[in-house]
>>> print(open('start-v9.cif').read())   # mmCIF, C-alpha atoms and all ligand atoms
data_structure
loop_
_atom_site.label_atom_id
_atom_site.label_comp_id
_atom_site.auth_asym_id
_atom_site.auth_seq_id
_atom_site.Cartn_x
_atom_site.Cartn_y
_atom_site.Cartn_z
CA MET A 1234 99.20 81.47 93.12
CA ALA A 1235 101.47 79.42 90.88
CA CYS A 1236 104.12 82.21 90.81
CA GLU A 1237 104.78 81.72 94.51
CA SER A 1238 104.03 78.06 94.97
CA SER A 1239 106.21 76.21 92.52
CA SER A 1240 109.97 76.56 92.41
CA VAL A 1241 110.33 74.88 89.01
CA LYS A 1242 108.39 76.73 86.34
CA PRO A 1243 108.18 76.43 82.58
CA ALA A 1244 109.60 79.44 80.70
CA PHE A 1245 106.20 80.87 79.72
CA LEU A 1246 105.10 80.84 83.37
CA LEU A 1247 108.33 82.52 84.44
CA LEU A 1248 107.71 85.29 81.91
CA LEU A 1249 104.08 85.65 83.00
CA CYS A 1250 105.07 85.83 86.67
CA PHE A 1251 107.70 88.42 85.84
CA LEU A 1252 105.22 90.57 83.93
CA LEU A 1253 102.55 90.24 86.63
CA GLY A 1254 105.07 91.01 89.33
CA ALA A 1255 106.35 94.04 87.48
CA ALA A 1256 102.81 95.30 86.96
CA SER A 1257 101.52 94.69 90.46
CA ALA A 1258 104.33 95.17 92.94
CA GLN A 1259 105.68 98.58 92.03
CA LEU A 1260 105.97 101.03 94.86
CA SER A 1261 107.54 104.42 94.27
CA GLY A 1262 109.15 107.15 96.32
CA THR A 1263 107.17 109.86 94.54
CA PHE A 1264 103.71 108.25 94.47
CA TYR A 1265 101.83 111.20 96.02
CA SER A 1266 104.01 114.08 94.83
CA THR A 1267 101.37 115.39 92.45
CA SER A 1268 98.17 113.84 93.87
CA CYS A 1269 98.79 114.93 97.47
CA PRO A 1270 101.94 117.00 97.82
CA SER A 1271 101.29 117.85 101.48
CA ALA A 1272 100.77 114.22 102.56
CA LEU A 1273 104.23 113.54 103.95
CA SER A 1274 104.53 116.82 105.82
CA THR A 1275 101.05 116.33 107.33
CA ILE A 1276 102.02 112.91 108.65
CA LYS A 1277 105.34 114.14 109.97
CA SER A 1278 103.76 116.97 111.91
CA ILE A 1279 100.96 114.86 113.43
CA VAL A 1280 103.45 112.12 114.42
CA SER A 1281 105.86 114.69 115.91
CA SER A 1282 103.15 116.23 118.04
CA ALA A 1283 101.83 112.82 119.17
CA VAL A 1284 105.37 111.76 120.15
CA SER A 1285 106.02 115.04 121.99
CA SER A 1286 102.86 114.52 124.03
CA GLU A 1287 103.79 110.91 124.79
CA ALA A 1288 107.14 109.49 123.68
CA ARG A 1289 105.83 105.92 123.83
CA MET A 1290 103.45 106.67 120.96
CA GLY A 1291 106.46 106.52 118.60
CA ALA A 1292 107.03 102.93 119.68
CA SER A 1293 103.35 102.08 119.35
CA LEU A 1294 103.18 103.41 115.79
CA LEU A 1295 106.30 101.46 114.79
CA ARG A 1296 104.78 98.25 116.14
CA LEU A 1297 101.47 98.93 114.37
CA HIS A 1298 103.26 98.87 110.99
CA PHE A 1299 105.08 95.63 111.92
CA HIS A 1300 101.86 93.93 112.97
CA ASP A 1301 100.21 95.09 109.75
CA CYS A 1302 102.99 93.85 107.46
CA PHE A 1303 103.49 90.42 109.03
CA VAL A 1304 99.84 89.48 108.47
CA ASN A 1305 99.18 89.09 104.74
CA GLY A 1306 101.44 92.03 103.87
CA CYS A 1307 101.34 95.78 104.49
CA ASP A 1308 97.70 96.38 103.60
CA ALA A 1309 96.30 98.12 106.71
CA SER A 1310 94.29 94.98 107.54
CA ILE A 1311 95.12 95.51 111.22
CA LEU A 1312 93.12 98.75 111.24
CA LEU A 1313 89.74 97.19 110.37
CA ASP A 1314 87.33 97.22 113.30
CA ASP A 1315 85.27 94.17 114.16
CA THR A 1316 81.59 94.41 113.27
CA ALA A 1317 78.55 92.21 113.89
CA ASN A 1318 79.42 90.07 110.87
CA PHE A 1319 83.16 90.58 110.56
CA THR A 1320 86.02 89.73 112.91
CA GLY A 1321 89.33 91.36 112.09
CA GLU A 1322 92.82 91.21 113.57
CA LYS A 1323 92.45 93.55 116.54
CA THR A 1324 91.60 90.75 118.95
CA ALA A 1325 94.45 88.45 117.91
CA GLY A 1326 96.65 87.33 120.81
CA ALA A 1327 99.49 89.70 119.94
CA ASN A 1328 97.19 92.67 119.29
CA ASN A 1329 94.40 92.57 121.85
CA ASN A 1330 94.82 95.14 124.65
CA SER A 1331 98.33 95.60 123.37
CA VAL A 1332 98.61 97.33 120.00
CA ARG A 1333 97.91 101.02 120.23
CA GLY A 1334 98.10 104.17 118.14
CA TYR A 1335 94.89 103.69 116.15
CA GLU A 1336 93.65 107.19 117.06
CA VAL A 1337 96.80 108.83 115.70
CA ILE A 1338 96.28 107.04 112.38
CA ASP A 1339 92.62 108.20 112.37
CA LYS A 1340 93.74 111.77 112.94
CA ILE A 1341 96.22 111.62 110.06
CA LYS A 1342 93.63 110.02 107.81
CA SER A 1343 91.00 112.66 108.53
CA HIS A 1344 93.46 115.46 107.78
CA LEU A 1345 94.42 113.79 104.50
CA GLU A 1346 90.79 113.14 103.54
CA ASN A 1347 90.21 116.89 103.95
CA SER A 1348 93.15 117.93 101.81
CA CYS A 1349 93.24 115.09 99.25
CA PRO A 1350 90.08 112.95 99.47
CA GLY A 1351 90.42 109.29 98.54
CA VAL A 1352 94.11 109.53 97.69
CA MET A 1353 96.43 108.18 100.35
CA SER A 1354 96.01 104.62 101.57
CA CYS A 1355 95.96 103.69 105.25
CA ALA A 1356 98.74 101.17 104.56
CA ASP A 1357 101.00 103.97 103.29
CA ILE A 1358 100.08 106.15 106.28
CA LEU A 1359 101.23 103.33 108.59
CA ALA A 1360 104.54 102.97 106.74
CA VAL A 1361 105.31 106.69 106.83
CA ALA A 1362 104.15 107.10 110.45
CA ALA A 1363 106.49 104.26 111.51
CA ARG A 1364 109.45 105.95 109.82
CA ASP A 1365 108.58 109.38 111.26
CA SER A 1366 108.23 107.84 114.72
CA VAL A 1367 111.71 106.33 114.62
CA VAL A 1368 113.12 109.65 113.43
CA ALA A 1369 111.24 111.55 116.16
CA LEU A 1370 112.89 109.33 118.79
CA GLY A 1371 116.39 109.90 117.40
CA GLY A 1372 116.70 106.88 115.11
CA PRO A 1373 117.67 106.56 111.45
CA SER A 1374 115.57 107.75 108.52
CA TRP A 1375 114.81 105.90 105.29
CA ARG A 1376 112.93 106.54 102.09
CA VAL A 1377 109.48 104.98 102.32
CA LEU A 1378 108.30 103.56 99.01
CA LEU A 1379 104.63 104.37 98.46
CA GLY A 1380 101.62 103.19 96.50
CA ARG A 1381 100.30 100.43 98.78
CA ARG A 1382 96.53 100.02 98.76
CA ASP A 1383 94.23 98.87 101.54
CA SER A 1384 92.75 95.44 102.02
CA THR A 1385 89.02 94.81 102.02
CA THR A 1386 89.44 92.04 104.55
CA ALA A 1387 91.56 90.89 107.49
CA SER A 1388 92.58 87.57 109.00
CA LEU A 1389 92.34 86.84 112.70
CA SER A 1390 93.76 83.34 112.18
CA THR A 1391 96.80 84.60 110.23
CA ALA A 1392 97.38 87.27 112.89
CA ASN A 1393 97.34 84.51 115.50
CA SER A 1394 99.72 82.30 113.56
CA ASP A 1395 102.16 84.76 111.96
CA LEU A 1396 102.92 87.34 114.67
CA PRO A 1397 105.86 86.12 116.77
CA SER A 1398 105.26 85.30 120.43
CA PRO A 1399 107.60 86.40 123.25
CA THR A 1400 107.85 82.76 124.33
CA LEU A 1401 109.66 81.76 121.13
CA SER A 1402 113.12 80.22 121.22
CA LEU A 1403 115.90 81.50 118.96
CA SER A 1404 115.11 78.89 116.32
CA GLY A 1405 111.41 79.79 116.52
CA LEU A 1406 112.24 83.46 115.99
CA ILE A 1407 114.54 82.69 113.08
CA SER A 1408 111.87 80.61 111.40
CA ALA A 1409 109.04 83.11 112.04
CA PHE A 1410 111.09 85.76 110.21
CA SER A 1411 112.41 83.42 107.56
CA ASP A 1412 108.79 82.58 106.70
CA LYS A 1413 108.47 86.25 105.71
CA GLY A 1414 111.73 86.27 103.76
CA PHE A 1415 114.05 87.70 106.40
CA THR A 1416 117.52 86.46 107.35
CA ALA A 1417 118.49 85.90 110.97
CA LYS A 1418 120.61 89.05 110.75
CA GLU A 1419 117.59 91.10 109.63
CA MET A 1420 115.53 89.54 112.42
CA VAL A 1421 118.13 90.73 114.95
CA ALA A 1422 118.20 94.22 113.40
CA LEU A 1423 114.39 94.50 113.46
CA SER A 1424 114.27 93.28 117.06
CA GLY A 1425 116.33 96.37 117.85
CA SER A 1426 112.92 98.12 117.73
CA HIS A 1427 112.67 97.05 121.35
CA THR A 1428 115.06 99.89 122.15
CA ILE A 1429 111.84 101.90 122.53
CA GLY A 1430 108.47 101.23 124.11
CA GLN A 1431 106.98 99.23 126.93
CA ALA A 1432 105.75 95.73 127.67
CA GLN A 1433 103.11 94.41 130.04
CA CYS A 1434 103.99 92.19 132.97
CA LEU A 1435 102.06 89.22 131.58
CA PHE A 1436 104.54 89.02 128.69
CA PHE A 1437 107.68 88.81 130.83
CA ARG A 1438 106.54 87.37 134.19
CA THR A 1439 107.77 83.85 133.45
CA ARG A 1440 111.17 85.25 132.59
CA LEU A 1441 111.42 87.03 135.95
CA TYR A 1442 110.37 84.08 138.06
CA ASN A 1443 111.55 81.03 136.11
CA GLU A 1444 114.57 81.85 133.98
CA ASN A 1445 118.26 81.83 134.84
CA ASP A 1446 119.78 83.94 132.07
CA ILE A 1447 118.55 87.18 133.66
CA ASN A 1448 120.61 89.68 135.65
CA ALA A 1449 119.59 89.19 139.31
CA THR A 1450 119.43 92.89 140.24
CA PHE A 1451 117.45 93.63 137.11
CA ALA A 1452 114.97 90.82 137.88
CA THR A 1453 114.53 91.98 141.48
CA SER A 1454 113.78 95.54 140.45
CA LEU A 1455 111.21 94.40 137.88
CA LYS A 1456 109.42 92.10 140.32
CA GLU A 1457 108.22 95.10 142.33
CA ASN A 1458 105.98 96.13 139.48
CA CYS A 1459 105.34 92.62 138.15
CA PRO A 1460 104.32 90.32 140.99
CA SER A 1461 104.08 86.57 140.52
CA SER A 1462 100.33 86.98 140.33
CA GLY A 1463 98.28 90.06 139.51
CA GLY A 1464 99.44 93.24 137.82
CA ASP A 1465 99.24 91.65 134.37
CA ASN A 1466 99.00 94.99 132.62
CA ASN A 1467 101.72 96.82 134.56
CA LEU A 1468 104.30 98.27 132.20
CA SER A 1469 108.09 98.13 132.12
CA PRO A 1470 110.40 99.53 129.46
CA LEU A 1471 111.74 97.09 126.87
CA ASP A 1472 115.04 98.99 127.02
CA THR A 1473 115.81 99.58 130.68
CA THR A 1474 118.40 102.30 130.04
CA SER A 1475 116.88 104.61 127.39
CA PRO A 1476 113.27 103.64 126.57
CA THR A 1477 112.45 106.80 124.64
CA HIS A 1478 115.61 106.97 122.54
CA PHE A 1479 116.09 104.95 119.42
CA ASP A 1480 119.68 103.84 120.00
CA ASN A 1481 121.64 100.57 120.31
CA ALA A 1482 121.21 100.24 124.09
CA TYR A 1483 118.87 97.28 123.56
CA PHE A 1484 121.83 95.20 122.35
CA LYS A 1485 124.04 96.33 125.25
CA ASN A 1486 121.31 95.23 127.65
CA LEU A 1487 121.23 91.79 126.06
CA GLN A 1488 124.97 91.41 126.68
CA THR A 1489 124.36 91.91 130.41
CA GLN A 1490 121.29 89.64 130.52
CA LYS A 1491 118.92 92.57 130.79
CA GLY A 1492 116.61 91.65 127.94
CA LEU A 1493 113.01 92.09 129.13
CA LEU A 1494 111.25 89.45 127.06
CA HIS A 1495 112.33 85.83 126.81
CA SER A 1496 112.48 86.34 123.01
CA ASP A 1497 114.79 89.34 123.46
CA GLN A 1498 117.33 87.45 125.56
CA GLN A 1499 117.20 84.51 123.12
CA LEU A 1500 119.15 86.67 120.67
CA PHE A 1501 122.11 86.58 123.08
CA SER A 1502 122.02 83.23 124.74
CA GLY A 1503 125.09 81.42 123.46
CA GLY A 1504 123.53 80.78 120.05
CA SER A 1505 124.11 81.76 116.43
CA THR A 1506 123.00 85.41 116.79
CA ASP A 1507 125.35 86.38 119.66
CA ALA A 1508 127.93 87.74 117.23
CA GLN A 1509 125.35 90.00 115.55
CA VAL A 1510 124.26 91.37 118.93
CA ASN A 1511 127.93 92.12 119.73
CA THR A 1512 128.32 93.92 116.40
CA TYR A 1513 125.25 96.11 116.94
CA SER A 1514 126.25 96.76 120.53
CA SER A 1515 129.67 98.05 119.58
CA ASN A 1516 128.68 99.75 116.34
CA SER A 1517 125.60 101.91 116.48
CA ALA A 1518 125.95 103.11 112.87
CA THR A 1519 125.87 99.54 111.55
CA PHE A 1520 122.70 98.87 113.52
CA MET A 1521 121.03 102.05 112.24
CA THR A 1522 121.84 101.21 108.61
CA ASP A 1523 120.79 97.57 108.86
CA PHE A 1524 117.62 98.53 110.72
CA ALA A 1525 116.63 101.10 108.10
CA ASN A 1526 117.24 98.64 105.25
CA ALA A 1527 115.25 95.92 107.01
CA MET A 1528 112.37 98.35 107.58
CA VAL A 1529 112.25 99.14 103.85
CA LYS A 1530 112.15 95.40 103.17
CA MET A 1531 109.42 94.88 105.77
CA GLY A 1532 107.39 97.72 104.26
CA ASN A 1533 107.52 95.97 100.89
CA LEU A 1534 105.90 92.75 102.11
CA SER A 1535 103.15 91.78 99.63
CA PRO A 1536 101.62 95.22 99.04
CA LEU A 1537 98.35 95.56 97.17
CA THR A 1538 99.05 97.84 94.20
CA GLY A 1539 97.51 98.94 90.91
CA SER A 1540 93.79 98.24 91.04
CA SER A 1541 93.94 95.65 93.84
CA GLY A 1542 92.26 96.56 97.11
CA GLN A 1543 91.07 100.13 97.65
CA VAL A 1544 91.98 103.41 99.31
CA ARG A 1545 89.82 103.35 102.42
CA LYS A 1546 88.17 106.64 103.37
CA ASN A 1547 88.03 105.56 107.00
CA CYS A 1548 90.91 103.28 108.01
CA ARG A 1549 88.63 101.34 110.35
CA LYS A 1550 86.20 100.15 107.69
CA VAL A 1551 85.95 99.03 104.13
CA ASN A 1552 84.47 101.67 101.77
C1 LIG A 1601 111.28 89.26 117.22
C2 LIG A 1601 110.04 88.96 117.56
C3 LIG A 1601 109.18 89.90 118.36
C4 LIG A 1601 108.45 89.57 119.45
C5 LIG A 1601 108.32 88.19 120.05
C6 LIG A 1601 107.83 90.78 119.92
C7 LIG A 1601 106.99 90.85 121.02
C8 LIG A 1601 106.60 92.03 121.62
C9 LIG A 1601 105.86 92.11 122.85
C10 LIG A 1601 105.34 90.93 123.65
C11 LIG A 1601 105.70 93.42 123.15
C12 LIG A 1601 104.99 94.01 124.36
C13 LIG A 1601 103.52 94.19 124.06
C14 LIG A 1601 102.69 94.54 125.27
O1 LIG A 1601 103.18 94.42 126.40
O2 LIG A 1601 101.53 94.96 125.11
C15 LIG A 1601 106.35 94.17 122.11
C16 LIG A 1601 106.42 95.54 122.06
C17 LIG A 1601 106.97 96.23 121.00
N1 LIG A 1601 107.43 95.69 119.82
FE1 LIG A 1601 107.85 93.77 119.49
N2 LIG A 1601 108.20 91.83 119.12
C18 LIG A 1601 109.02 91.33 118.14
C19 LIG A 1601 109.55 92.04 117.09
C20 LIG A 1601 109.30 93.36 116.85
C21 LIG A 1601 109.57 94.05 115.61
C22 LIG A 1601 110.17 93.39 114.36
C23 LIG A 1601 109.19 95.33 115.78
C24 LIG A 1601 109.22 96.49 114.81
C25 LIG A 1601 109.75 96.45 113.59
C26 LIG A 1601 108.69 95.46 117.13
C27 LIG A 1601 108.29 96.62 117.74
C28 LIG A 1601 107.84 96.71 119.03
C29 LIG A 1601 107.69 97.96 119.74
C30 LIG A 1601 108.11 99.32 119.23
C31 LIG A 1601 107.11 97.66 120.97
C32 LIG A 1601 106.67 98.64 122.07
C33 LIG A 1601 105.26 99.09 121.74
C34 LIG A 1601 104.64 100.08 122.72
O3 LIG A 1601 105.27 100.54 123.66
O4 LIG A 1601 103.45 100.41 122.49
N3 LIG A 1601 108.73 94.24 117.73
N4 LIG A 1601 106.87 93.29 121.17
#
>>> encode(input="start-v9.cif", output="structure tokens", more="lines below")
Ligand code: HEM
Amino acid sequence: MACESSSVKPAFLLLLCFLLGAASAQLSGTFYSTSCPSALSTIKSIVSSAVSSEARMGASLLRLHFHDCFVNGCDASILLDDTANFTGEKTAGANNNSVRGYEVIDKIKSHLENSCPGVMSCADILAVAARDSVVALGGPSWRVLLGRRDSTTASLSTANSDLPSPTLSLSGLISAFSDKGFTAKEMVALSGSHTIGQAQCLFFRTRLYNENDINATFATSLKENCPSSGGDNNLSPLDTTSPTHFDNAYFKNLQTQKGLLHSDQQLFSGGSTDAQVNTYSSNSATFMTDFANAMVKMGNLSPLTGSSGQVRKNCRKVN
């Protein structure tokens, strides 16, 4: 709309945009305190038990929120299942056979529909589950602003264009995040998410066999489980030293050319973000603070609020 598209606006339009913005984009830390007081503790306990059964689930839930927010904002569009006459985002290149954690979100949603029917949006569940996942794996906490509503549609083409690919160069990564309003520093902080979780061979094979800025011993050990052909879905940890702990080891790995994805190592490849990687590598507290702040900012990407969208009863389909 005109509020976003034109940088020079007449005064009346500025005022209108301000009023509309104020009315539509308000999230709050206390949104469910009276309508569903048990919501946050329910999510925390379901996430904790999912992460204790399988530590990787914490990583998967964090990524689910990222892939929701980067495609038309944090509106739970990623959760919509395809139907005979609707194709959603689940089969996008970056999501298909890759994003996971949908069943944990379903479990949370069904508990909340029992205790407070029609109250908490799937988009808010994703935001809180991502935070609780990071906390469960030893990372920082942050206050999740709430009041997002759920989309009634999804966009496969936007998912294909807006989710960053592991083949991107540093400048490609910087611009993919700058398109969403993030600085290069915030992009580096958010990439620190790869201190947890796993990646499939098909996403890092080229790096193992064709790139030079990779530690030779590290490459050799990965090739066992990621042959030059076959084994596409074989997993390796994104952080080779502590894949189930949310720490700053990811940045230390980059300094020794042990980034798993091409896009990871691009952050420390003699370019403009090397200094930021060094800072996060030597100062874990700075990383934790910057990461938490960037997550709050990511969670605020274009939410549907007020009477826009809906609160889905089943996260997989429109009411
Ligand atoms: C900077 C650009 C990014 C690229 C190119 C990228 C790419 C990828 C790829 C290719 C995988 C492996 C997927 C698979 O093998 O199935 C992955 C995993 C992951 N990504 Fe990213 N990612 C990026 C940024 C982020 C951000 C900003 C977050 C969170 C805020 C994030 C969180 C994760 C997590 C936690 C995993 C592991 C998921 C699991 O084990 O299930 N990534 N990413």
>>> residues_around(input="start-v9.cif", residues="Leu1487 of chain A", least_positions_apart="3", cutoff="8 Å", atoms="all atoms listed in the file", output="ChimeraX atom specification")
/A:1483-1484,1490-1492,1497-1498,1500-1501,1510
>>> atom_distance(input="start-v9.cif", atom1="atom CA of Thr1400 of chain A", atom2="atom CA of Ala1292 of chain A")
20.7 Å
>>> residues_around(input="start-v9.cif", residues="Lys1342 of chain A", least_positions_apart="4", cutoff="8 Å", atoms="all atoms listed in the file", output="PyMOL selection string")
chain A and resi 1338+1346+1355+1358+1546-1548
>>> atom_distance(input="start-v9.cif", atom1="atom CA of Leu1423 of chain A", atom2="atom CA of Phe1264 of chain A")
25.8 Å
>>> residues_around(input="start-v9.cif", residues="segment 1266-1282 of chain A", least_positions_apart="4", cutoff="7 Å", atoms="only C-alpha atoms", output="list in words")
Ser1286, Ile1341, Leu1345, Cys1349, Ala1362, Asp1365, Ser1366 and Ala1369 of chain A
>>> residues_around(input="start-v9.cif", residues="Thr1519 of chain A", least_positions_apart="4", cutoff="12 Å", atoms="all atoms listed in the file", output="list in words")
Pro1373, Lys1418, Glu1419, Ala1422, Gly1425, Asp1480, Asn1481, Gln1509, Val1510, Asn1511, Thr1512, Tyr1513, Ser1514, Ser1515, Asp1523, Phe1524, Ala1525 and Asn1526 of chain A
>>> atom_distance(input="start-v9.cif", atom1="atom CA of Gly1291 of chain A", atom2="atom CA of Thr1477 of chain A")
8.5 Å
>>> closest_residue(input="start-v9.cif", among="A:Arg1545, A:Lys1323, A:Arg1364, A:Arg1296", to="ligand LIG 1601 (chain A)", atoms="only C-alpha atoms and all ligand atoms")
A:Arg1296
>>> residues_around(input="start-v9.cif", residues="Ser1469 of chain A", least_positions_apart="4", cutoff="12 Å", atoms="all atoms listed in the file", output="PDB file with C-alpha atoms, keeping the file's coordinate frame")
ATOM      1  CA  ARG A1289     105.830 105.920 123.830  1.00  0.00           C
ATOM      2  CA  HIS A1427     112.670  97.050 121.350  1.00  0.00           C
ATOM      3  CA  ILE A1429     111.840 101.900 122.530  1.00  0.00           C
ATOM      4  CA  GLY A1430     108.470 101.230 124.110  1.00  0.00           C
ATOM      5  CA  GLN A1431     106.980  99.230 126.930  1.00  0.00           C
ATOM      6  CA  ALA A1432     105.750  95.730 127.670  1.00  0.00           C
ATOM      7  CA  GLN A1433     103.110  94.410 130.040  1.00  0.00           C
ATOM      8  CA  CYS A1434     103.990  92.190 132.970  1.00  0.00           C
ATOM      9  CA  LEU A1435     102.060  89.220 131.580  1.00  0.00           C
ATOM     10  CA  PHE A1436     104.540  89.020 128.690  1.00  0.00           C
ATOM     11  CA  PHE A1437     107.680  88.810 130.830  1.00  0.00           C
ATOM     12  CA  ARG A1438     106.540  87.370 134.190  1.00  0.00           C
ATOM     13  CA  PHE A1451     117.450  93.630 137.110  1.00  0.00           C
ATOM     14  CA  ALA A1452     114.970  90.820 137.880  1.00  0.00           C
ATOM     15  CA  SER A1454     113.780  95.540 140.450  1.00  0.00           C
ATOM     16  CA  LEU A1455     111.210  94.400 137.880  1.00  0.00           C
ATOM     17  CA  LYS A1456     109.420  92.100 140.320  1.00  0.00           C
ATOM     18  CA  GLU A1457     108.220  95.100 142.330  1.00  0.00           C
ATOM     19  CA  ASN A1458     105.980  96.130 139.480  1.00  0.00           C
ATOM     20  CA  CYS A1459     105.340  92.620 138.150  1.00  0.00           C
ATOM     21  CA  GLY A1464      99.440  93.240 137.820  1.00  0.00           C
ATOM     22  CA  ASP A1465      99.240  91.650 134.370  1.00  0.00           C
ATOM     23  CA  THR A1473     115.810  99.580 130.680  1.00  0.00           C
ATOM     24  CA  THR A1474     118.400 102.300 130.040  1.00  0.00           C
ATOM     25  CA  SER A1475     116.880 104.610 127.390  1.00  0.00           C
ATOM     26  CA  PRO A1476     113.270 103.640 126.570  1.00  0.00           C
ATOM     27  CA  GLY A1492     116.610  91.650 127.940  1.00  0.00           C
ATOM     28  CA  LEU A1493     113.010  92.090 129.130  1.00  0.00           C
ATOM     29  CA  LEU A1494     111.250  89.450 127.060  1.00  0.00           C
TER      30      LEU A1494
END
>>> closest_residue(input="start-v9.cif", among="A:Ala1392, A:Met1420, A:Leu1378, A:Leu1312", to="ligand LIG 1601 (chain A)", atoms="all atoms listed in the file")
A:Met1420
>>> closest_residue(input="start-v9.cif", among="A:Asp1308, A:Asp1446, A:Glu1322, A:Asp1314", to="Ser1388 of chain A", atoms="all atoms listed in the file")
A:Glu1322
>>> closest_residue(input="start-v9.cif", among="A:Gly1372, A:Gly1351, A:Pro1460, A:Gly1380", to="Gly1532 of chain A", atoms="only C-alpha atoms")
A:Gly1380
>>> build_atoms(input="start-v9.cif", residues="segment 1377-1383 of chain A", atoms="all heavy atoms", output="PDB file, in the frame of the given file")
ATOM      1  N   VAL A1377     110.605 105.910 102.339  1.00  0.00           N
ATOM      2  CA  VAL A1377     109.480 104.980 102.320  1.00  0.00           C
ATOM      3  C   VAL A1377     108.926 104.911 100.904  1.00  0.00           C
ATOM      4  O   VAL A1377     108.537 105.936 100.340  1.00  0.00           O
ATOM      5  CB  VAL A1377     108.363 105.427 103.293  1.00  0.00           C
ATOM      6  CG1 VAL A1377     107.173 104.464 103.237  1.00  0.00           C
ATOM      7  CG2 VAL A1377     108.889 105.505 104.723  1.00  0.00           C
ATOM      8  N   LEU A1378     108.921 103.730 100.319  1.00  0.00           N
ATOM      9  CA  LEU A1378     108.300 103.560  99.010  1.00  0.00           C
ATOM     10  C   LEU A1378     106.787 103.554  99.213  1.00  0.00           C
ATOM     11  O   LEU A1378     106.297 103.021 100.210  1.00  0.00           O
ATOM     12  CB  LEU A1378     108.792 102.276  98.358  1.00  0.00           C
ATOM     13  CG  LEU A1378     110.284 102.274  98.017  1.00  0.00           C
ATOM     14  CD1 LEU A1378     110.715 100.924  97.475  1.00  0.00           C
ATOM     15  CD2 LEU A1378     110.628 103.389  97.034  1.00  0.00           C
ATOM     16  N   LEU A1379     106.062 104.156  98.277  1.00  0.00           N
ATOM     17  CA  LEU A1379     104.630 104.370  98.460  1.00  0.00           C
ATOM     18  C   LEU A1379     103.811 103.828  97.283  1.00  0.00           C
ATOM     19  O   LEU A1379     104.347 103.580  96.212  1.00  0.00           O
ATOM     20  CB  LEU A1379     104.361 105.869  98.629  1.00  0.00           C
ATOM     21  CG  LEU A1379     105.041 106.470  99.868  1.00  0.00           C
ATOM     22  CD1 LEU A1379     105.072 107.995  99.775  1.00  0.00           C
ATOM     23  CD2 LEU A1379     104.336 106.025 101.147  1.00  0.00           C
ATOM     24  N   GLY A1380     102.516 103.690  97.536  1.00  0.00           N
ATOM     25  CA  GLY A1380     101.620 103.190  96.500  1.00  0.00           C
ATOM     26  C   GLY A1380     100.909 101.913  96.945  1.00  0.00           C
ATOM     27  O   GLY A1380     100.237 101.261  96.153  1.00  0.00           O
ATOM     28  N   ARG A1381     101.067 101.563  98.228  1.00  0.00           N
ATOM     29  CA  ARG A1381     100.300 100.430  98.780  1.00  0.00           C
ATOM     30  C   ARG A1381      98.824 100.797  98.775  1.00  0.00           C
ATOM     31  O   ARG A1381      98.476 101.962  98.979  1.00  0.00           O
ATOM     32  CB  ARG A1381     100.685 100.174 100.251  1.00  0.00           C
ATOM     33  CG  ARG A1381     102.098  99.770 100.497  1.00  0.00           C
ATOM     34  CD  ARG A1381     102.428  99.821 101.998  1.00  0.00           C
ATOM     35  NE  ARG A1381     103.865  99.740 102.178  1.00  0.00           N
ATOM     36  CZ  ARG A1381     104.701 100.746 102.004  1.00  0.00           C
ATOM     37  NH1 ARG A1381     104.239 101.951 101.691  1.00  0.00           N
ATOM     38  NH2 ARG A1381     105.994 100.569 102.132  1.00  0.00           N
ATOM     39  N   ARG A1382      97.969  99.795  98.610  1.00  0.00           N
ATOM     40  CA  ARG A1382      96.530 100.020  98.760  1.00  0.00           C
ATOM     41  C   ARG A1382      96.014  99.197  99.933  1.00  0.00           C
ATOM     42  O   ARG A1382      96.747  98.385 100.487  1.00  0.00           O
ATOM     43  CB  ARG A1382      95.818  99.703  97.441  1.00  0.00           C
ATOM     44  CG  ARG A1382      96.157 100.794  96.403  1.00  0.00           C
ATOM     45  CD  ARG A1382      95.829 100.378  95.004  1.00  0.00           C
ATOM     46  NE  ARG A1382      94.415 100.128  94.793  1.00  0.00           N
ATOM     47  CZ  ARG A1382      93.490 101.050  94.486  1.00  0.00           C
ATOM     48  NH1 ARG A1382      93.842 102.333  94.374  1.00  0.00           N
ATOM     49  NH2 ARG A1382      92.242 100.708  94.279  1.00  0.00           N
ATOM     50  N   ASP A1383      94.771  99.470 100.319  1.00  0.00           N
ATOM     51  CA  ASP A1383      94.230  98.870 101.540  1.00  0.00           C
ATOM     52  C   ASP A1383      93.413  97.612 101.236  1.00  0.00           C
ATOM     53  O   ASP A1383      92.696  97.554 100.242  1.00  0.00           O
ATOM     54  CB  ASP A1383      93.334  99.883 102.267  1.00  0.00           C
ATOM     55  CG  ASP A1383      94.093 101.148 102.631  1.00  0.00           C
ATOM     56  OD1 ASP A1383      95.288 101.042 102.963  1.00  0.00           O
ATOM     57  OD2 ASP A1383      93.491 102.249 102.566  1.00  0.00           O
TER      58      ASP A1383
END
